[in-house]
Number of protein chains: 2
Amino acid sequence: MNAQSSPGPLLSGLRVLEIGHFVAAPFCTRLLGDLGADIIKVEPRAGDPARQWGAMLDGRSLWWSMHGRNKRCVTIDLKSAKGRDLVLALVAECDVLVENFRPGQLERLGLGPEILRKACPGLIVAHISGYGQDGPGADRAAFGVIGEAIGGLRHLTNHPPGTFELPPVRVGISIGDSIAGLYAAFGVMAALWQRDRVKGDAIARTIDVALTESVLSMMEGMLPEYGALGAIKQPTGGGIATAAPSNAYPTADRQWVLIAANSEPLFARLMTLIGRPELIGAPGYASNPERVANAARLDTLIGEWSRRYDAEVLTTLLDENDIPNSKAYTASDCAADPQYLARGMVREVPDKHFGTVLQAGMVPHVPESPGTVRWTGPDIGEHNHEVLIELLGLDPPAIEALEREGVI
Amino acid sequence: MNAQSSPGPLLSGLRVLEIGHFVAAPFCTRLLGDLGADIIKVEPRAGDPARQWGAMLDGRSLWWSMHGRNKRCVTIDLKSAKGRDLVLALVAECDVLVENFRPGQLERLGLGPEILRKACPGLIVAHISGYGQDGPGADRAAFGVIGEAIGGLRHLTNHPPGTFELPPVRVGISIGDSIAGLYAAFGVMAALWQRDRVKGDAIARTIDVALTESVLSMMEGMLPEYGALGAIKQPTGGGIATAAPSNAYPTADRQWVLIAANSEPLFARLMTLIGRPELIGAPGYASNPERVANAARLDTLIGEWSRRYDAEVLTTLLDENDIPNSKAYTASDCAADPQYLARGMVREVPDKHFGTVLQAGMVPHVPESPGTVRWTGPDIGEHNHEVLIELLGLDPPAIEALEREGVI
């Protein structure tokens, strides 16, 4: 026990090689890097395509400033023999490899597990893929929206059956990829703990994360209820199948305000506020199950009231009456939220191209050794020299020769 | 290096005390337990309310069979002095405490961090809450749907602005709680690794996970793009803002099929299949940016074609033409999926009340030491005797006295 010393970042001493692209593997390593791990990101000389994603400023992706933060970026042509040797030499200096090629691609590049572990006997290898590393469907092309559908999520992001004809919505972000990346970060740390702890087993484990499975693992009672009762979990629009009133309600200024008033005291306060106190304890409204049966009628009543007010007025009224509520936050609401600002969850960080850039903070918050944004998303190959000198002991002429040959 | 031996479960040797309820903390410990940790779940004598959630069979929640699996369940009245002493005695035998009370509640019960760490100097304490442990908004009541709205998610689960008047949809599951629980599991393992590794620092760290922040951390370029450009990320319905065609399309039998055909060869194959080959390379359709600008018209064309076929026929046609697609899987589709079944991600497990129950498997898959369902959700207090005898050395008469006094 050494609680008096000032510890470094939580994951200091950990080094991770990322051979990733798009969202899942880079998000995994962002999380590890946010907590202090040294991330070496290997890219082709054209760069990770994610560097071009989202809105740009001066030809640079703003998303990349977060997605690539805290990483050291090196370029390596994996198809060249010298490039492959460089990767193996880097692997020898790392604890973990995170990749999200299609299953088998790493082996086809001459970087299969035996070769990797010959270079680094204790290497934890994390594979993130659409459907997993084995099984009859492992080779299908992985698209996030399709993986989320196979995970059961897309069926649920809809209004109740029969309500209307528009398609179920995408969640608006690459949620399946991100959840898969987070599962991989969890699995990596679990494998490292068992490998490295004082009574550890020194075993080089494989973390095999599928996007589809990551989503399915969150589906709560869906499978047990189907298996036992044949019940098919159905979408419920803005509401919840088991609690009422709880929904998003419209405002005069065309925003949406969430109101959760499904306990007895909250329901009583809300009915008083909207001018319908006669419903408190009335037949059909006297308990949560009764209210769930009448949820559509309640939502209509509450919506007729809520749309008289602008969102700011409405949330103030609800706050004054101690009824849980919130606007459906947009980017501007998130950026101005006092709680986020107080906890550093929304922060301006220095960026050499943009001056400063607005970013989300680190999760989880670890007060004894908080995560940091040490730097924002680097340029392609920005750390070629630094990494090859520091980790592999190459000298500048040797690095320049590799550059000329197109290896890096 | 000891790769020849047969390792135990990945997290064998780890013991976690859960004082949790509802979703977030119990989901965190489910993940740890799935990988082999010994989870001691402390409940009031009435049990975690989640035991009553979802569809029931013979008075028992089917969801609970998964949510409570692999845990040892003990009842303790935390408001009694003897109960508090029991918790501290259990803490002394654990590596980690995971809790999701409102911030400060544990301290009010006499279980603040100093007292906990006096009982167990190296204890990792993971708090999961709506808004975090500190800051001006920490005390607000935490509701999942409100936390997701504050995280920026609910604004996005909608059709594009102006499309219609129905509210943005809930994702259909407690996604914010689950993501927060997964972040906590990641943070716990990160803190344990640094504490316990051979060159570790033995520091007892705190993992402070907020539901709102867990969601916000996944919002990709939302904050940087707002900060630099004032751009407010908007919902895009079933589509993607940056790729077309990619959407959910209707079928004759009123299902939805996802089609992702936003590369040049995929677009060409899809247009040929739907009988519109003249659009391949035509002005307005010759590149992804052009197609994004015409996404609504493309979706209409594809939808007119797709609704001629039942989902099974449609997905077969698309498969034959190598175009990525999938039904929006329901519970029954997930249960029958060959890839899930081959990887054990959908499995029947024995249950003493139900006979067998259908459950999701473990994520991540760790081939060297796969997770297991050792048992399904236990009854209230099922492990009172086992845990108090094994961990605290109590004898049966002492345990029975605690039961009579209402302490356990």
# chains A, B, ... in the order shown; residues from 1 in each chain; ligands from 1

call {"tool": "select_by_dssp", "arguments": {"residues": "stretch 88-217 of chain A", "states": "strand (DSSP E or B)", "output": "VMD selection string"}}
result
chain A and resid 96 to 99 124 to 129 197 206 to 210

call {"tool": "select_by_dssp", "arguments": {"residues": "stretch 93-298 of chain B", "states": "helix (DSSP H, G or I)", "output": "ChimeraX atom specification"}}
result
/B:105-108,113-119,144-150,175-196,211-216,222-229,264-273,277-279,288-293,295-298

call {"tool": "write_last_selection", "arguments": {"atoms": "C-alpha atoms", "output": "compact mmCIF listing (two decimals), in the first residue's frame"}}
result
# COMPACT_ATOMS: atom_id res chain seq x y z
CA GLN B 105 -25.77 7.32 0.33
CA LEU B 106 -23.06 4.80 1.15
CA GLU B 107 -21.43 7.35 3.48
CA ARG B 108 -24.74 8.00 5.18
CA PRO B 113 -14.42 5.28 1.58
CA GLU B 114 -12.20 5.65 4.68
CA ILE B 115 -14.19 3.06 6.60
CA LEU B 116 -14.25 0.70 3.64
CA ARG B 117 -10.52 0.99 3.11
CA LYS B 118 -9.82 0.55 6.78
CA ALA B 119 -11.53 -2.82 6.36
CA GLY B 144 -32.03 6.14 -17.39
CA VAL B 145 -34.14 7.81 -20.05
CA ILE B 146 -33.19 11.24 -18.74
CA GLY B 147 -29.50 10.40 -18.53
CA GLU B 148 -29.58 9.17 -22.13
CA ALA B 149 -31.21 12.46 -23.17
CA ILE B 150 -28.51 14.46 -21.37
CA ILE B 175 -28.76 1.37 -22.95
CA GLY B 176 -27.31 4.14 -20.80
CA ASP B 177 -27.26 1.98 -17.68
CA SER B 178 -25.70 -0.91 -19.57
CA ILE B 179 -22.98 1.21 -21.16
CA ALA B 180 -22.22 2.73 -17.75
CA GLY B 181 -21.98 -0.76 -16.26
CA LEU B 182 -19.60 -1.82 -19.02
CA TYR B 183 -17.43 1.28 -18.48
CA ALA B 184 -17.31 0.43 -14.77
CA ALA B 185 -16.18 -3.12 -15.54
CA PHE B 186 -13.43 -1.70 -17.76
CA GLY B 187 -12.37 0.81 -15.11
CA VAL B 188 -12.34 -1.82 -12.37
CA MET B 189 -10.04 -4.09 -14.37
CA ALA B 190 -7.76 -1.18 -15.29
CA ALA B 191 -7.44 -0.20 -11.62
CA LEU B 192 -6.86 -3.80 -10.57
CA TRP B 193 -4.15 -4.30 -13.18
CA GLN B 194 -2.16 -1.30 -11.96
CA ARG B 195 -2.74 -2.21 -8.31
CA ASP B 196 -1.77 -5.86 -8.64
CA LEU B 211 -24.48 7.38 -16.97
CA THR B 212 -24.64 10.73 -18.76
CA GLU B 213 -20.89 10.80 -19.36
CA SER B 214 -20.81 7.19 -20.53
CA VAL B 215 -23.30 8.10 -23.25
CA LEU B 216 -21.64 11.40 -24.14
CA MET B 222 -20.53 15.86 -32.02
CA LEU B 223 -18.60 18.12 -29.63
CA PRO B 224 -15.57 18.98 -31.80
CA GLU B 225 -17.86 19.78 -34.74
CA TYR B 226 -20.09 21.97 -32.60
CA GLY B 227 -17.16 23.74 -31.01
CA ALA B 228 -15.41 24.57 -34.26
CA LEU B 229 -18.31 25.04 -36.65
CA GLU B 264 -19.51 1.75 -56.08
CA PRO B 265 -19.61 -2.02 -56.77
CA LEU B 266 -22.37 -2.59 -54.22
CA PHE B 267 -24.44 0.26 -55.62
CA ALA B 268 -24.02 -1.11 -59.15
CA ARG B 269 -25.13 -4.59 -58.07
CA LEU B 270 -28.14 -3.23 -56.19
CA MET B 271 -29.30 -1.03 -59.07
CA THR B 272 -29.02 -3.98 -61.43
CA LEU B 273 -31.00 -6.14 -59.04
CA PRO B 277 -29.13 -0.11 -64.08
CA GLU B 278 -29.38 3.27 -65.84
CA LEU B 279 -28.59 4.94 -62.50
CA ASN B 288 -21.27 8.55 -52.54
CA PRO B 289 -21.61 12.34 -51.92
CA GLU B 290 -23.98 12.62 -54.89
CA ARG B 291 -26.00 9.67 -53.66
CA VAL B 292 -26.18 11.16 -50.15
CA ALA B 293 -27.72 14.29 -51.70
CA ALA B 295 -30.70 9.57 -50.58
CA ALA B 296 -34.44 10.18 -50.16
CA ARG B 297 -35.14 9.47 -53.84
CA LEU B 298 -32.92 6.38 -53.79

call {"tool": "residues_around", "arguments": {"residues": "stretch 33-36 of chain A", "least_positions_apart": "2", "cutoff": "9 Å", "atoms": "only C-alpha atoms", "output": "list of chain:residue names"}}
result
A:Gly8, A:Pro9, A:Leu10, A:Leu11, A:Ser12, A:Gly13, A:Leu14, A:Val16, A:Cys28, A:Thr29, A:Arg30, A:Leu31, A:Asp38, A:Ile39, A:Arg69, A:Asn70, A:Lys71, A:Gly361, A:Met362, A:Val363, A:Pro364, A:Val366, A:Ser369, A:Pro370, A:Gly371, A:Thr372, A:Val373, A:Arg374, B:Ala190

call {"tool": "closest_residue", "arguments": {"among": "A:Thr316, A:Thr376, A:Gln339, A:Gln359", "to": "B:Gly130", "atoms": "only C-alpha atoms"}}
result
A:Gln339

call {"tool": "closest_atom_pairs", "arguments": {"of": "stretch 291-317 of chain B", "to": "stretch 166-169 of chain A", "cutoff": "12 Å", "atoms": "only C-alpha atoms", "output": "JSON lines"}}
result
{"residue": "B:Asp299", "atom": "CA", "partner": "A:Pro167", "partner_atom": "CA", "distance": 10.7}
{"residue": "B:Thr300", "atom": "CA", "partner": "A:Leu166", "partner_atom": "CA", "distance": 11.3}
{"residue": "B:Gly303", "atom": "CA", "partner": "A:Pro167", "partner_atom": "CA", "distance": 10.3}

call {"tool": "residues_around", "arguments": {"residues": "B:Ser129", "least_positions_apart": "5", "cutoff": "9 Å", "atoms": "only C-alpha atoms", "output": "ChimeraX atom specification"}}
result
/B:24,99-103,138,142,180,208-212

call {"tool": "residues_around", "arguments": {"residues": "B:Ile323", "least_positions_apart": "2", "cutoff": "7 Å", "atoms": "only C-alpha atoms", "output": "MDAnalysis selection string"}}
result
chainID B and resid 261 266 318:319 321 325

call {"tool": "write_last_selection", "arguments": {"atoms": "N, CA and C atoms", "output": "short mmCIF file (atom, residue, chain, number, x, y, z; two decimals), in the first residue's frame"}}
result
data_model
loop_
_atom_site.label_atom_id
_atom_site.label_comp_id
_atom_site.auth_asym_id
_atom_site.auth_seq_id
_atom_site.Cartn_x
_atom_site.Cartn_y
_atom_site.Cartn_z
N ALA B 261 -25.40 -0.48 -49.28
CA ALA B 261 -24.87 -0.62 -50.65
C ALA B 261 -24.23 0.69 -51.08
N LEU B 266 -21.13 -2.18 -54.85
CA LEU B 266 -22.37 -2.59 -54.22
C LEU B 266 -23.56 -1.84 -54.81
N LEU B 318 -30.72 -10.66 -52.08
CA LEU B 318 -29.58 -9.78 -51.79
C LEU B 318 -28.32 -10.60 -51.54
N ASP B 319 -28.47 -11.70 -50.80
CA ASP B 319 -27.32 -12.58 -50.55
C ASP B 319 -26.76 -13.10 -51.87
N ASN B 321 -26.73 -11.80 -54.61
CA ASN B 321 -26.02 -10.74 -55.33
C ASN B 321 -24.93 -10.07 -54.50
N ASN B 325 -26.75 -7.21 -46.18
CA ASN B 325 -28.15 -7.01 -45.78
C ASN B 325 -28.45 -7.85 -44.57
#

call {"tool": "closest_residue", "arguments": {"among": "A:Arg197, A:Arg140, A:Arg15, A:Arg84", "to": "chain B", "atoms": "only C-alpha atoms"}}
result
A:Arg197

call {"tool": "atom_distance", "arguments": {"atom1": "atom CA of A:Asn247", "atom2": "atom CA of A:Asp322"}}
result
16.7 Å
